[in-house]
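Trainee: Next up, my_file_31.tsv (TSV, C-alpha atoms).
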```tsv
chain	number	residue	atom	x	y	z
A	1	MET	CA	-131.37	-38.12	139.17
A	2	ILE	CA	-132.08	-34.59	140.38
A	3	PRO	CA	-135.61	-33.50	139.35
A	4	GLU	CA	-135.98	-30.68	136.86
A	5	LEU	CA	-136.52	-27.11	138.00
A	6	TRP	CA	-138.80	-25.77	135.28
A	7	PRO	CA	-142.06	-27.23	136.74
A	8	GLU	CA	-141.39	-25.29	139.94
A	9	TYR	CA	-141.04	-22.01	138.06
A	10	GLU	CA	-144.21	-22.79	136.10
A	11	LYS	CA	-145.98	-23.26	139.43
A	12	PHE	CA	-144.98	-19.69	140.32
A	13	CYS	CA	-146.37	-18.48	136.99
A	14	ARG	CA	-149.77	-20.00	137.75
A	15	LEU	CA	-149.85	-18.50	141.25
A	16	ARG	CA	-148.85	-15.09	139.92
A	17	LYS	CA	-151.48	-15.18	137.19
A	18	GLU	CA	-154.20	-15.92	139.73
A	19	ALA	CA	-152.94	-13.18	142.03
A	20	SER	CA	-152.88	-10.60	139.25
A	21	VAL	CA	-156.67	-10.99	138.98
A	22	SER	CA	-157.55	-11.06	142.67
A	23	ASN	CA	-154.48	-9.23	144.07
A	24	LEU	CA	-154.31	-12.10	146.55
A	25	SER	CA	-152.13	-15.13	146.08
A	26	ASP	CA	-154.03	-18.27	146.92
A	27	LEU	CA	-151.66	-20.86	148.36
A	28	ARG	CA	-154.32	-22.99	150.09
A	29	ASP	CA	-153.70	-26.03	147.91
A	30	ILE	CA	-149.91	-25.90	148.13
A	31	ASP	CA	-148.56	-28.93	149.96
A	32	TRP	CA	-144.86	-28.53	149.05
A	33	ILE	CA	-142.87	-25.57	147.78
A	34	TYR	CA	-139.30	-25.16	146.57
A	35	PRO	CA	-137.23	-21.95	146.44
A	36	THR	CA	-137.67	-21.84	142.64
A	37	THR	CA	-141.37	-21.20	143.27
A	38	LEU	CA	-141.19	-19.42	146.60
A	39	LEU	CA	-138.42	-16.93	145.81
A	40	PRO	CA	-140.07	-15.29	142.76
A	41	LEU	CA	-143.43	-15.51	144.56
A	42	GLY	CA	-142.00	-13.75	147.62
A	43	SER	CA	-140.39	-11.09	145.44
A	44	PHE	CA	-143.71	-10.60	143.61
A	45	LEU	CA	-145.69	-10.32	146.86
A	46	ILE	CA	-143.25	-7.84	148.38
A	47	ALA	CA	-143.04	-5.67	145.25
A	48	GLY	CA	-146.84	-5.42	145.00
A	49	ARG	CA	-147.48	-5.39	148.74
A	50	ARG	CA	-149.79	-8.34	148.15
A	51	ALA	CA	-151.10	-10.77	150.72
A	52	TYR	CA	-151.59	-14.49	150.39
A	53	LYS	CA	-154.01	-17.10	151.65
A	54	GLU	CA	-152.09	-19.57	153.75
A	55	PRO	CA	-151.79	-23.21	152.74
A	56	ARG	CA	-154.19	-25.54	154.51
A	57	ASN	CA	-151.23	-27.72	155.41
A	58	ARG	CA	-150.00	-26.19	158.67
A	59	ASP	CA	-146.38	-27.25	158.20
A	60	VAL	CA	-146.23	-25.66	154.76
A	61	ALA	CA	-147.95	-22.52	156.04
A	62	ASP	CA	-145.39	-22.17	158.84
A	63	TYR	CA	-142.54	-22.86	156.44
A	64	ILE	CA	-143.64	-20.15	153.99
A	65	SER	CA	-144.14	-17.70	156.83
A	66	ILE	CA	-140.59	-18.31	158.05
A	67	MET	CA	-139.03	-18.19	154.60
A	68	LEU	CA	-140.70	-14.91	153.58
A	69	ARG	CA	-139.62	-12.86	156.55
A	70	THR	CA	-136.85	-10.71	155.12
A	71	ASP	CA	-134.33	-10.44	157.88
A	72	PRO	CA	-130.71	-11.19	157.03
A	73	GLY	CA	-129.90	-11.39	160.72
A	74	ARG	CA	-131.91	-14.59	160.96
A	75	VAL	CA	-129.58	-16.70	158.83
A	76	ASP	CA	-128.55	-19.45	161.19
A	77	GLY	CA	-125.88	-21.99	160.41
A	78	ARG	CA	-127.69	-24.71	162.35
A	79	ARG	CA	-130.73	-24.64	160.09
A	80	SER	CA	-131.24	-26.23	156.70
A	81	TYR	CA	-132.42	-23.06	154.96
A	82	VAL	CA	-131.57	-19.50	154.06
A	83	PRO	CA	-134.83	-17.51	154.08
A	84	LEU	CA	-135.57	-14.65	151.70
A	85	VAL	CA	-132.39	-12.59	152.20
A	86	PRO	CA	-132.16	-9.26	150.38
A	87	LEU	CA	-128.89	-8.53	148.64
A	88	PRO	CA	-127.61	-5.16	149.86
A	89	SER	CA	-128.06	-2.50	147.16
A	90	THR	CA	-124.33	-1.87	147.21
A	91	SER	CA	-121.90	-4.74	147.13
A	92	THR	CA	-120.04	-3.52	150.24
A	93	GLU	CA	-122.08	-5.85	152.41
A	94	GLY	CA	-122.51	-8.48	149.73
A	95	ASP	CA	-119.54	-10.47	150.94
A	96	ARG	CA	-121.15	-10.82	154.37
A	97	VAL	CA	-124.40	-12.14	152.89
A	98	LEU	CA	-122.38	-14.65	150.93
A	99	GLY	CA	-120.60	-15.60	154.12
A	100	SER	CA	-123.89	-16.46	155.79
A	101	ILE	CA	-124.86	-18.72	152.89
A	102	TYR	CA	-121.49	-20.46	153.01
A	103	LYS	CA	-121.80	-20.96	156.74
A	104	LEU	CA	-125.26	-22.49	156.40
A	105	HIS	CA	-123.93	-25.06	153.97
A	106	ASP	CA	-120.83	-25.91	155.98
A	107	HIS	CA	-118.74	-24.04	153.40
A	108	GLY	CA	-119.92	-26.40	150.67
A	109	ARG	CA	-117.87	-29.38	151.83
A	110	LEU	CA	-120.58	-31.82	150.73
A	111	TYR	CA	-121.34	-30.04	147.45
A	112	GLY	CA	-118.24	-30.72	145.41
A	113	GLY	CA	-115.88	-29.12	147.89
A	114	GLU	CA	-115.47	-25.71	149.50
A	115	ASN	CA	-113.77	-24.10	146.52
A	116	ALA	CA	-116.38	-25.24	144.00
A	117	PHE	CA	-119.39	-24.28	146.09
A	118	LYS	CA	-118.06	-20.82	146.90
A	119	TYR	CA	-117.03	-20.29	143.31
A	120	LEU	CA	-120.53	-21.14	142.08
A	121	ILE	CA	-122.48	-19.04	144.52
A	122	GLY	CA	-119.98	-16.17	144.48
A	123	GLU	CA	-120.12	-15.91	140.70
A	124	LEU	CA	-123.93	-15.92	140.68
A	125	VAL	CA	-124.12	-13.09	143.20
A	126	ASP	CA	-121.33	-11.14	141.48
A	127	ASN	CA	-123.26	-11.36	138.20
A	128	VAL	CA	-126.24	-9.67	139.85
A	129	TYR	CA	-124.07	-6.79	141.03
A	130	GLN	CA	-122.15	-6.44	137.79
A	131	HIS	CA	-124.87	-6.73	135.20
A	132	SER	CA	-128.42	-6.36	136.47
A	133	GLY	CA	-128.67	-2.80	137.80
A	134	PHE	CA	-131.22	-4.13	140.28
A	135	SER	CA	-133.38	-2.27	142.75
A	136	ASN	CA	-134.32	-5.43	144.63
A	137	ALA	CA	-132.54	-8.76	144.71
A	138	PHE	CA	-132.99	-11.74	147.00
A	139	VAL	CA	-131.35	-15.05	147.75
A	140	MET	CA	-133.01	-18.17	149.14
A	141	ALA	CA	-131.69	-21.67	149.77
A	142	GLN	CA	-132.92	-24.95	151.18
A	143	ARG	CA	-131.10	-28.19	151.84
A	144	TYR	CA	-133.11	-31.41	151.40
A	145	ASP	CA	-131.33	-34.12	153.34
A	146	LYS	CA	-133.70	-36.94	152.32
A	147	LYS	CA	-133.93	-35.88	148.67
A	148	GLY	CA	-130.16	-35.48	148.48
A	149	PHE	CA	-129.83	-32.02	146.99
A	150	VAL	CA	-129.59	-28.38	147.92
A	151	GLU	CA	-131.51	-25.75	146.00
A	152	VAL	CA	-130.20	-22.18	145.79
A	153	ALA	CA	-132.07	-19.42	143.98
A	154	ILE	CA	-131.16	-15.80	143.28
A	155	ILE	CA	-133.56	-13.26	141.81
A	156	ASP	CA	-133.22	-9.63	140.78
A	157	ASP	CA	-135.53	-7.06	139.19
A	158	GLY	CA	-132.85	-5.67	136.90
A	159	ILE	CA	-132.47	-5.22	133.16
A	160	THR	CA	-132.28	-8.96	132.30
A	161	ILE	CA	-129.50	-10.80	130.48
A	162	GLY	CA	-130.87	-9.86	127.05
A	163	GLY	CA	-131.28	-6.23	128.13
A	164	SER	CA	-127.73	-6.14	129.44
A	165	LEU	CA	-126.34	-7.52	126.17
A	166	ARG	CA	-128.46	-5.24	124.00
A	167	ARG	CA	-127.40	-2.22	126.03
A	168	ALA	CA	-123.77	-3.20	125.35
A	169	GLY	CA	-124.44	-3.41	121.62
A	170	PHE	CA	-124.76	-7.17	121.16
A	171	ARG	CA	-127.44	-8.23	118.70
A	172	THR	CA	-129.57	-11.07	119.97
A	173	GLU	CA	-132.70	-12.52	118.42
A	174	ASP	CA	-134.66	-12.62	121.69
A	175	ASP	CA	-134.23	-13.32	125.40
A	176	VAL	CA	-133.90	-17.08	124.90
A	177	ALA	CA	-131.11	-16.54	122.40
A	178	ALA	CA	-129.42	-14.08	124.75
A	179	ILE	CA	-129.29	-16.60	127.62
A	180	ALA	CA	-128.18	-19.41	125.33
A	181	ARG	CA	-125.45	-17.22	123.87
A	182	VAL	CA	-124.07	-16.27	127.28
A	183	LEU	CA	-124.03	-19.93	128.27
A	184	LYS	CA	-122.39	-21.09	125.07
A	185	GLU	CA	-119.98	-18.27	124.26
A	186	GLY	CA	-119.30	-16.76	127.67
A	187	ILE	CA	-119.77	-13.25	126.30
A	188	SER	CA	-120.05	-10.35	128.71
A	189	ALA	CA	-121.92	-7.07	128.48
A	190	LYS	CA	-118.88	-5.48	130.10
A	191	GLY	CA	-116.88	-6.24	127.00
A	192	ALA	CA	-113.37	-7.09	128.18
A	193	ASP	CA	-112.23	-10.42	126.80
A	194	THR	CA	-111.28	-11.76	130.21
A	195	ARG	CA	-114.88	-11.44	131.43
A	196	GLY	CA	-118.06	-13.31	130.67
A	197	TYR	CA	-116.85	-16.66	131.85
A	198	GLY	CA	-118.90	-16.67	135.04
A	199	LEU	CA	-122.21	-18.08	133.86
A	200	ARG	CA	-120.69	-20.38	131.27
A	201	SER	CA	-118.21	-21.90	133.68
A	202	ASN	CA	-120.94	-22.14	136.31
A	203	ALA	CA	-123.09	-24.07	133.87
A	204	SER	CA	-120.21	-26.44	133.18
A	205	ILE	CA	-119.51	-27.01	136.86
A	206	PHE	CA	-123.17	-27.51	137.79
A	207	THR	CA	-123.92	-29.93	134.97
A	208	THR	CA	-120.67	-31.61	133.90
A	209	GLY	CA	-118.90	-31.44	137.25
A	210	LEU	CA	-121.58	-31.80	139.91
A	211	LYS	CA	-124.34	-33.45	137.81
A	212	GLY	CA	-126.79	-30.84	139.00
A	213	GLU	CA	-129.55	-28.77	137.41
A	214	MET	CA	-129.62	-25.10	136.52
A	215	LEU	CA	-132.53	-22.88	135.44
A	216	ILE	CA	-132.09	-19.34	134.17
A	217	VAL	CA	-135.21	-17.23	133.63
A	218	SER	CA	-134.63	-13.73	132.31
A	219	GLY	CA	-137.20	-11.44	130.71
A	220	GLY	CA	-139.06	-13.40	128.06
A	221	GLY	CA	-136.78	-16.41	127.99
A	222	ALA	CA	-135.70	-19.34	130.09
A	223	VAL	CA	-133.06	-22.02	129.69
A	224	GLU	CA	-132.80	-25.14	131.79
A	225	ILE	CA	-129.75	-27.37	131.64
A	226	GLY	CA	-129.05	-30.67	133.29
A	227	ARG	CA	-128.38	-34.32	132.60
A	228	SER	CA	-131.16	-36.70	131.60
A	229	GLU	CA	-129.08	-39.82	132.11
A	230	PRO	CA	-125.68	-40.64	133.54
A	231	GLY	CA	-123.01	-40.66	130.86
A	232	ARG	CA	-125.01	-38.48	128.50
A	233	GLY	CA	-124.25	-34.90	127.54
A	234	VAL	CA	-126.19	-31.94	128.84
A	235	ARG	CA	-129.90	-31.58	128.08
A	236	GLN	CA	-130.83	-27.97	127.27
A	237	ASN	CA	-134.50	-26.99	127.35
A	238	ASN	CA	-135.26	-23.51	126.03
A	239	TYR	CA	-138.52	-21.75	126.83
A	240	ARG	CA	-139.92	-18.72	125.04
A	241	LEU	CA	-142.22	-17.09	127.58
A	242	GLU	CA	-145.50	-15.67	126.30
A	243	GLU	CA	-146.44	-12.23	127.51
A	244	ASP	CA	-149.47	-13.13	129.57
A	245	PHE	CA	-148.01	-15.96	131.61
A	246	CYS	CA	-144.38	-16.53	132.43
A	247	PRO	CA	-142.05	-13.60	131.63
A	248	LEU	CA	-140.03	-12.23	134.52
A	249	ASN	CA	-139.13	-8.58	135.10
A	250	GLY	CA	-135.56	-9.42	135.93
A	251	THR	CA	-133.56	-12.61	136.24
A	252	LEU	CA	-133.92	-15.75	138.30
A	253	VAL	CA	-131.09	-18.26	138.52
A	254	SER	CA	-131.94	-21.45	140.33
A	255	VAL	CA	-129.67	-24.43	140.87
A	256	ARG	CA	-129.86	-27.87	142.40
A	257	ILE	CA	-126.66	-29.44	143.61
A	258	PRO	CA	-126.70	-33.10	144.61
A	259	PHE	CA	-125.04	-34.04	147.85
A	260	PRO	CA	-122.94	-35.60	149.02
A	261	SER	CA	-120.90	-34.84	145.89
A	262	GLU	CA	-117.30	-35.82	145.42
A	263	GLU	CA	-114.86	-32.94	145.40
A	264	ILE	CA	-114.30	-31.71	141.86
A	265	ASP	CA	-111.24	-30.01	140.43
A	266	LEU	CA	-112.70	-26.56	140.08
A	267	TYR	CA	-109.72	-25.21	138.18
A	268	ASP	CA	-110.47	-27.42	135.20
A	269	TYR	CA	-113.55	-25.26	134.66
A	270	ALA	CA	-112.30	-21.84	135.70
A	271	THR	CA	-109.95	-21.18	132.82
B	1	MET	CA	-86.09	8.15	153.93
B	2	THR	CA	-87.98	5.23	152.37
B	3	MET	CA	-91.56	4.85	153.47
B	4	PRO	CA	-92.37	1.37	154.81
B	5	PRO	CA	-94.83	-0.67	152.73
B	6	LYS	CA	-98.49	-0.48	153.48
B	7	VAL	CA	-99.79	-3.88	154.61
B	8	ILE	CA	-103.35	-4.82	153.68
B	9	ARG	CA	-104.82	-8.01	155.09
B	10	LEU	CA	-107.64	-9.00	152.74
B	11	ALA	CA	-109.50	-11.13	155.27
B	12	ASP	CA	-109.85	-8.00	157.42
B	13	VAL	CA	-110.64	-5.35	154.83
B	14	ILE	CA	-112.86	-7.52	152.60
B	15	PHE	CA	-113.76	-10.98	153.88
B	16	GLU	CA	-112.30	-14.46	154.22
B	17	ASP	CA	-114.10	-15.49	151.02
B	18	LEU	CA	-113.23	-13.18	148.15
B	19	ALA	CA	-116.05	-13.14	145.62
B	20	LEU	CA	-117.12	-9.78	144.24
B	21	ARG	CA	-115.45	-7.62	141.59
B	22	ASP	CA	-116.62	-4.48	143.36
B	23	SER	CA	-114.58	-5.48	146.39
B	24	VAL	CA	-111.45	-5.46	144.21
B	25	ILE	CA	-112.36	-2.06	142.80
B	26	ARG	CA	-112.69	-0.63	146.31
B	27	LEU	CA	-109.43	-2.30	147.33
B	28	PHE	CA	-107.47	-0.72	144.47
B	29	LYS	CA	-109.09	2.66	145.04
B	30	ALA	CA	-107.65	2.52	148.57
B	31	ILE	CA	-104.29	1.34	147.22
B	32	GLU	CA	-104.01	4.09	144.62
B	33	ASP	CA	-105.10	6.72	147.15
B	34	SER	CA	-102.53	5.68	149.74
B	35	PRO	CA	-99.26	7.62	150.01
B	36	GLU	CA	-97.14	4.44	150.14
B	37	THR	CA	-95.60	3.30	146.88
B	38	GLN	CA	-95.14	-0.31	148.00
B	39	ILE	CA	-98.15	-2.33	149.03
B	40	ASP	CA	-97.99	-5.73	150.70
B	41	ILE	CA	-101.18	-7.73	150.23
B	42	ASP	CA	-101.52	-10.29	153.01
B	43	PHE	CA	-103.71	-13.26	152.06
B	44	SER	CA	-103.54	-14.98	155.44
B	45	GLY	CA	-107.01	-15.99	156.62
B	46	VAL	CA	-108.43	-16.07	153.08
B	47	ARG	CA	-110.41	-19.26	152.42
B	48	SER	CA	-111.50	-18.88	148.81
B	49	MET	CA	-111.41	-16.66	145.75
B	50	SER	CA	-113.94	-16.56	142.91
B	51	ARG	CA	-112.91	-16.43	139.28
B	52	SER	CA	-114.36	-12.94	138.92
B	53	PHE	CA	-112.41	-11.69	141.90
B	54	ALA	CA	-109.19	-13.20	140.54
B	55	ASP	CA	-109.76	-11.71	137.10
B	56	GLU	CA	-110.47	-8.24	138.47
B	57	TYR	CA	-107.55	-8.45	140.89
B	58	LEU	CA	-105.04	-9.37	138.17
B	59	THR	CA	-106.39	-6.72	135.83
B	60	ARG	CA	-106.23	-3.92	138.43
B	61	ARG	CA	-102.85	-5.08	139.65
B	62	SER	CA	-101.41	-4.89	136.15
B	63	GLN	CA	-102.72	-1.33	135.79
B	64	SER	CA	-101.58	-0.10	139.19
B	65	ILE	CA	-98.74	2.40	139.52
B	66	LYS	CA	-97.84	0.92	142.91
B	67	THR	CA	-95.41	-1.89	143.63
B	68	ILE	CA	-97.60	-4.70	144.86
B	69	ARG	CA	-96.35	-7.79	146.60
B	70	GLU	CA	-98.44	-10.74	147.78
B	71	ASN	CA	-97.78	-12.75	150.92
B	72	ASN	CA	-99.27	-15.87	152.48
B	73	ILE	CA	-101.30	-16.89	149.43
B	74	PRO	CA	-103.16	-20.15	150.19
B	75	ALA	CA	-102.66	-22.92	147.63
B	76	ASN	CA	-106.28	-22.88	146.41
B	77	VAL	CA	-106.16	-19.12	145.87
B	78	GLN	CA	-102.88	-19.40	143.98
B	79	ARG	CA	-104.45	-22.06	141.75
B	80	MET	CA	-107.33	-19.73	140.93
B	81	LEU	CA	-104.96	-16.89	140.10
B	82	ASP	CA	-102.95	-19.26	137.91
B	83	ALA	CA	-106.09	-20.61	136.23
B	84	VAL	CA	-107.25	-17.11	135.31
B	85	SER	CA	-103.76	-16.13	134.13
B	86	ASN	CA	-103.70	-19.18	131.84
B	87	ARG	CA	-107.31	-19.12	130.73
B	88	SER	CA	-106.58	-20.27	127.18
B	89	LYS	CA	-106.03	-23.80	128.48
B	90	VAL	CA	-109.69	-24.73	128.59
B	91	LYS	CA	-110.10	-28.29	129.79
B	92	LYS	CA	-113.77	-28.86	130.54
B	93	GLN	CA	-116.37	-27.80	127.99
B	94	PHE	CA	-120.09	-27.30	128.31
B	95	ASP	CA	-121.24	-30.35	126.31
B	96	VAL	CA	-124.85	-29.95	125.16
B	97	ASP	CA	-126.19	-33.00	123.33
B	98	SER	CA	-129.87	-32.14	123.04
B	99	VAL	CA	-131.73	-28.84	122.72
B	100	SER	CA	-135.49	-28.29	122.76
B	101	LEU	CA	-137.63	-25.16	122.45
B	102	SER	CA	-141.07	-24.74	124.04
B	103	ILE	CA	-143.43	-21.78	123.82
B	104	VAL	CA	-145.02	-21.27	127.22
```
Show me the file's structure as structure tokens.
Mentor:
Amino acid sequence: MIPELWPEYEKFCRLRKEASVSNLSDLRDIDWIYPTTLLPLGSFLIAGRRAYKEPRNRDVADYISIMLRTDPGRVDGRRSYVPLVPLPSTSTEGDRVLGSIYKLHDHGRLYGGENAFKYLIGELVDNVYQHSGFSNAFVMAQRYDKKGFVEVAIIDDGITIGGSLRRAGFRTEDDVAAIARVLKEGISAKGADTRGYGLRSNASIFTTGLKGEMLIVSGGGAVEIGRSEPGRGVRQNNYRLEEDFCPLNGTLVSVRIPFPSEEIDLYDYAT
Amino acid sequence: MTMPPKVIRLADVIFEDLALRDSVIRLFKAIEDSPETQIDIDFSGVRSMSRSFADEYLTRRSQSIKTIRENNIPANVQRMLDAVSNRSKVKKQFDVDSVSLSIV
């Protein structure tokens, strides 16, 4: 089974809380780090122009140093990672950034097929452009050959899913309810009845189709979905994030896709 | 004299993987601004199309005053366009069987 993502986000929360006191993120005890921790941490460090104390483990220190250098030109199809890549503020160049992610992962051939992989990642990035109103957004990915999954994370500092729905006139109890409602009902802040399927269909493909994991953190809420056991339905863990610890100014979507995965019929989910 | 159709090859003007709604919006802005009344959209070289792109494309196409014709549509892209056109036929549902709430 693919391990859950929430503990990795919680790790970021602890690091951020410590850094908010000292203005220095202490990573000395870190001996392994996933994009779900490193991407929001990198975004936090960049936004606040904060420094960090390097991990004692030299390999981890080098890895973090490489991953946090924001240079989209460095995406290299021969490597197993996409470092912290900023999404261009306008979508004109967004297709090219997507292209570099596809190339890195051999066009998704091992992750449920080329069509499914591109559909998943393309929809996630399109959501950021359509709904978040971001100033800064980043993508990061890492393939784990021995662990048998790829992790892709996308973060933005926009108005959050709940904020987007409330701005469009939807009434939602709180940020947890807003995320859960988008996942369940496929509603869209843009209103038209042909929209709003992106995140819901993504959730179906990640969990039902590919047997992966998906974590959405947005404002004061988080929802994690995945499968606890083969043959069972989807496990949904909701988190209400208290003000002094885990809320996010924006949205993080993080996914784990097992590989190799058999090719799935994407079009069963896209309708 | 009839003006020849304007040919737009999507893989050149957008990318081989069609993902973003904004790309469709820019495409149709160029189409509506062009003097030609007939537009040939050439899909050769396209590898994939997202659901959002397909939805936006079909919506804008239906609203366009131009005569739009598609050529060289790959089979996977045609399936996505068909899937979005027939979206009421939902086959796979998001099947939650347990929900928990934690305060963190």
Trainee: What are the residues of chain A that have an atom within 7 Å of an atom of chain B, counting all atoms listed in the file, as number ranges by chain?
Mentor: A: 91-92, 95, 115, 119, 122-123, 126, 204, 233-242, 267-271
Trainee: Excluding same-chain residues fewer than 3 positions from segment 61-75 of chain B, what lies within 9 Å of it counting only C-alpha atoms, as an MDAnalysis selection string?
Mentor: chainID B and resid 28 31:32 36:48 56:58 78:80
Trainee: Would you write out those residues with C-alpha atoms, as a PDB file, keeping the file's coordinate frame?
Mentor:
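Dumped to out33.pdb:
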```pdb
ATOM      1  CA  PHE B  28    -107.470  -0.720 144.470  1.00  0.00           C
ATOM      2  CA  ILE B  31    -104.290   1.340 147.220  1.00  0.00           C
ATOM      3  CA  GLU B  32    -104.010   4.090 144.620  1.00  0.00           C
ATOM      4  CA  GLU B  36     -97.140   4.440 150.140  1.00  0.00           C
ATOM      5  CA  THR B  37     -95.600   3.300 146.880  1.00  0.00           C
ATOM      6  CA  GLN B  38     -95.140  -0.310 148.000  1.00  0.00           C
ATOM      7  CA  ILE B  39     -98.150  -2.330 149.030  1.00  0.00           C
ATOM      8  CA  ASP B  40     -97.990  -5.730 150.700  1.00  0.00           C
ATOM      9  CA  ILE B  41    -101.180  -7.730 150.230  1.00  0.00           C
ATOM     10  CA  ASP B  42    -101.520 -10.290 153.010  1.00  0.00           C
ATOM     11  CA  PHE B  43    -103.710 -13.260 152.060  1.00  0.00           C
ATOM     12  CA  SER B  44    -103.540 -14.980 155.440  1.00  0.00           C
ATOM     13  CA  GLY B  45    -107.010 -15.990 156.620  1.00  0.00           C
ATOM     14  CA  VAL B  46    -108.430 -16.070 153.080  1.00  0.00           C
ATOM     15  CA  ARG B  47    -110.410 -19.260 152.420  1.00  0.00           C
ATOM     16  CA  SER B  48    -111.500 -18.880 148.810  1.00  0.00           C
ATOM     17  CA  GLU B  56    -110.470  -8.240 138.470  1.00  0.00           C
ATOM     18  CA  TYR B  57    -107.550  -8.450 140.890  1.00  0.00           C
ATOM     19  CA  LEU B  58    -105.040  -9.370 138.170  1.00  0.00           C
ATOM     20  CA  GLN B  78    -102.880 -19.400 143.980  1.00  0.00           C
ATOM     21  CA  ARG B  79    -104.450 -22.060 141.750  1.00  0.00           C
ATOM     22  CA  MET B  80    -107.330 -19.730 140.930  1.00  0.00           C
TER      23      MET B  80
END
```
Trainee: Which is closest to Met214 of chain A among A:Glu151, A:Glu262, A:Asp26, A:Asp59, if we use all atoms listed in the file?
Mentor: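 Looking only at the distances to Met214 of chain A, the closest residue turns out to be A:Glu151.
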Trainee: Find the distance between atom CA of Gly99 of chain A and atom CA of Tyr129 of chain A and write it in Å to one decimal.
Mentor: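 Pair atom CA of Gly99 of chain A / atom CA of Tyr129 of chain A returns 16.2 Å.
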Trainee: Atom CA of Ile64 of chain A and atom CA of Leu38 of chain A are how many Å apart?
Mentor: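 About the pair atom CA of Ile64 of chain A and atom CA of Leu38 of chain A: they are 7.8 Å apart.
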Trainee: With all atoms listed in the file as the basis for distance, which of B:Arg60, B:Asp12, B:Ala54, B:Met3 is at the shortest distance from Lys29 of chain B?
Mentor: B:Arg60
Trainee: Expressed in Å to a single decimal, how great is the separation between atom CA of Ala178 of chain A and atom CA of Arg200 of chain A?
Mentor: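 Separation between atom CA of Ala178 of chain A and atom CA of Arg200 of chain A: 12.6 Å.
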Trainee: So that I can check the surroundings of Tyr144 of chain A, please list as number ranges by chain every protein, DNA and RNA residue that reaches within 12 Å of it, counting all atoms listed in the file and ignoring chain neighbours fewer than 4 positions away.
Mentor: A: 2, 33-35, 79-81, 105, 148-152, 256-260
Trainee: Would you please work out which residue, of A:Val176, A:Ala51, A:Ile155, A:Ile264, is nearest to Arg109 of chain A when using only C-alpha atoms?
Mentor: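 Smallest distance to Arg109 of chain A is found for A:Ile264.
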Trainee: I need the residue nearest Ala141 of chain A from this list: A:Arg49, A:Ala153, A:Gly226, A:Gly162. Use all atoms listed in the file for the distance.
Mentor: A:Ala153
Trainee: Kindly list the centre and edge lengths in Å, rounded to one decimal, for the axis-aligned box that covers all listed atoms of segment 9-21 of chain B plus 6 Å on each of its six sides, as lines of an AutoDock Vina configuration file.
Mentor:
```
center_x = -111.0
center_y = -10.4
center_z = 149.5
size_x = 24.3
size_y = 22.1
size_z = 27.8
```
Trainee: Start from the incomplete input, build N, CA and C atoms for segment 237-249 of chain A, and deliver everything as a PDB file, in the frame of the given file.
Mentor:
```pdb
ATOM      1  N   ASN A 237    -133.104 -27.295 127.695  1.00  0.00           N
ATOM      2  CA  ASN A 237    -134.500 -26.990 127.350  1.00  0.00           C
ATOM      3  C   ASN A 237    -134.664 -25.476 127.330  1.00  0.00           C
ATOM      4  N   ASN A 238    -135.026 -24.949 126.170  1.00  0.00           N
ATOM      5  CA  ASN A 238    -135.260 -23.510 126.030  1.00  0.00           C
ATOM      6  C   ASN A 238    -136.757 -23.228 126.088  1.00  0.00           C
ATOM      7  N   TYR A 239    -137.113 -22.131 126.715  1.00  0.00           N
ATOM      8  CA  TYR A 239    -138.520 -21.750 126.830  1.00  0.00           C
ATOM      9  C   TYR A 239    -138.692 -20.295 126.392  1.00  0.00           C
ATOM     10  N   ARG A 240    -139.551 -20.095 125.401  1.00  0.00           N
ATOM     11  CA  ARG A 240    -139.920 -18.720 125.040  1.00  0.00           C
ATOM     12  C   ARG A 240    -141.193 -18.395 125.814  1.00  0.00           C
ATOM     13  N   LEU A 241    -141.146 -17.339 126.615  1.00  0.00           N
ATOM     14  CA  LEU A 241    -142.220 -17.090 127.580  1.00  0.00           C
ATOM     15  C   LEU A 241    -143.212 -16.084 127.029  1.00  0.00           C
ATOM     16  N   GLU A 242    -144.450 -16.535 126.853  1.00  0.00           N
ATOM     17  CA  GLU A 242    -145.500 -15.670 126.300  1.00  0.00           C
ATOM     18  C   GLU A 242    -145.828 -14.543 127.272  1.00  0.00           C
ATOM     19  N   GLU A 243    -146.309 -13.453 126.714  1.00  0.00           N
ATOM     20  CA  GLU A 243    -146.440 -12.230 127.510  1.00  0.00           C
ATOM     21  C   GLU A 243    -147.434 -12.310 128.653  1.00  0.00           C
ATOM     22  N   ASP A 244    -148.444 -13.153 128.527  1.00  0.00           N
ATOM     23  CA  ASP A 244    -149.470 -13.130 129.570  1.00  0.00           C
ATOM     24  C   ASP A 244    -149.268 -14.189 130.652  1.00  0.00           C
ATOM     25  N   PHE A 245    -148.140 -14.872 130.641  1.00  0.00           N
ATOM     26  CA  PHE A 245    -148.010 -15.960 131.610  1.00  0.00           C
ATOM     27  C   PHE A 245    -146.695 -15.960 132.377  1.00  0.00           C
ATOM     28  N   CYS A 246    -145.608 -16.201 131.708  1.00  0.00           N
ATOM     29  CA  CYS A 246    -144.380 -16.530 132.430  1.00  0.00           C
ATOM     30  C   CYS A 246    -143.209 -15.547 132.403  1.00  0.00           C
ATOM     31  N   PRO A 247    -143.241 -14.472 131.638  1.00  0.00           N
ATOM     32  CA  PRO A 247    -142.050 -13.600 131.630  1.00  0.00           C
ATOM     33  C   PRO A 247    -141.733 -13.073 133.026  1.00  0.00           C
ATOM     34  N   LEU A 248    -140.482 -12.726 133.222  1.00  0.00           N
ATOM     35  CA  LEU A 248    -140.030 -12.230 134.520  1.00  0.00           C
ATOM     36  C   LEU A 248    -139.387 -10.860 134.325  1.00  0.00           C
ATOM     37  N   ASN A 249    -139.781  -9.898 135.141  1.00  0.00           N
ATOM     38  CA  ASN A 249    -139.130  -8.580 135.100  1.00  0.00           C
ATOM     39  C   ASN A 249    -137.827  -8.671 135.880  1.00  0.00           C
TER      40      ASN A 249
END
```
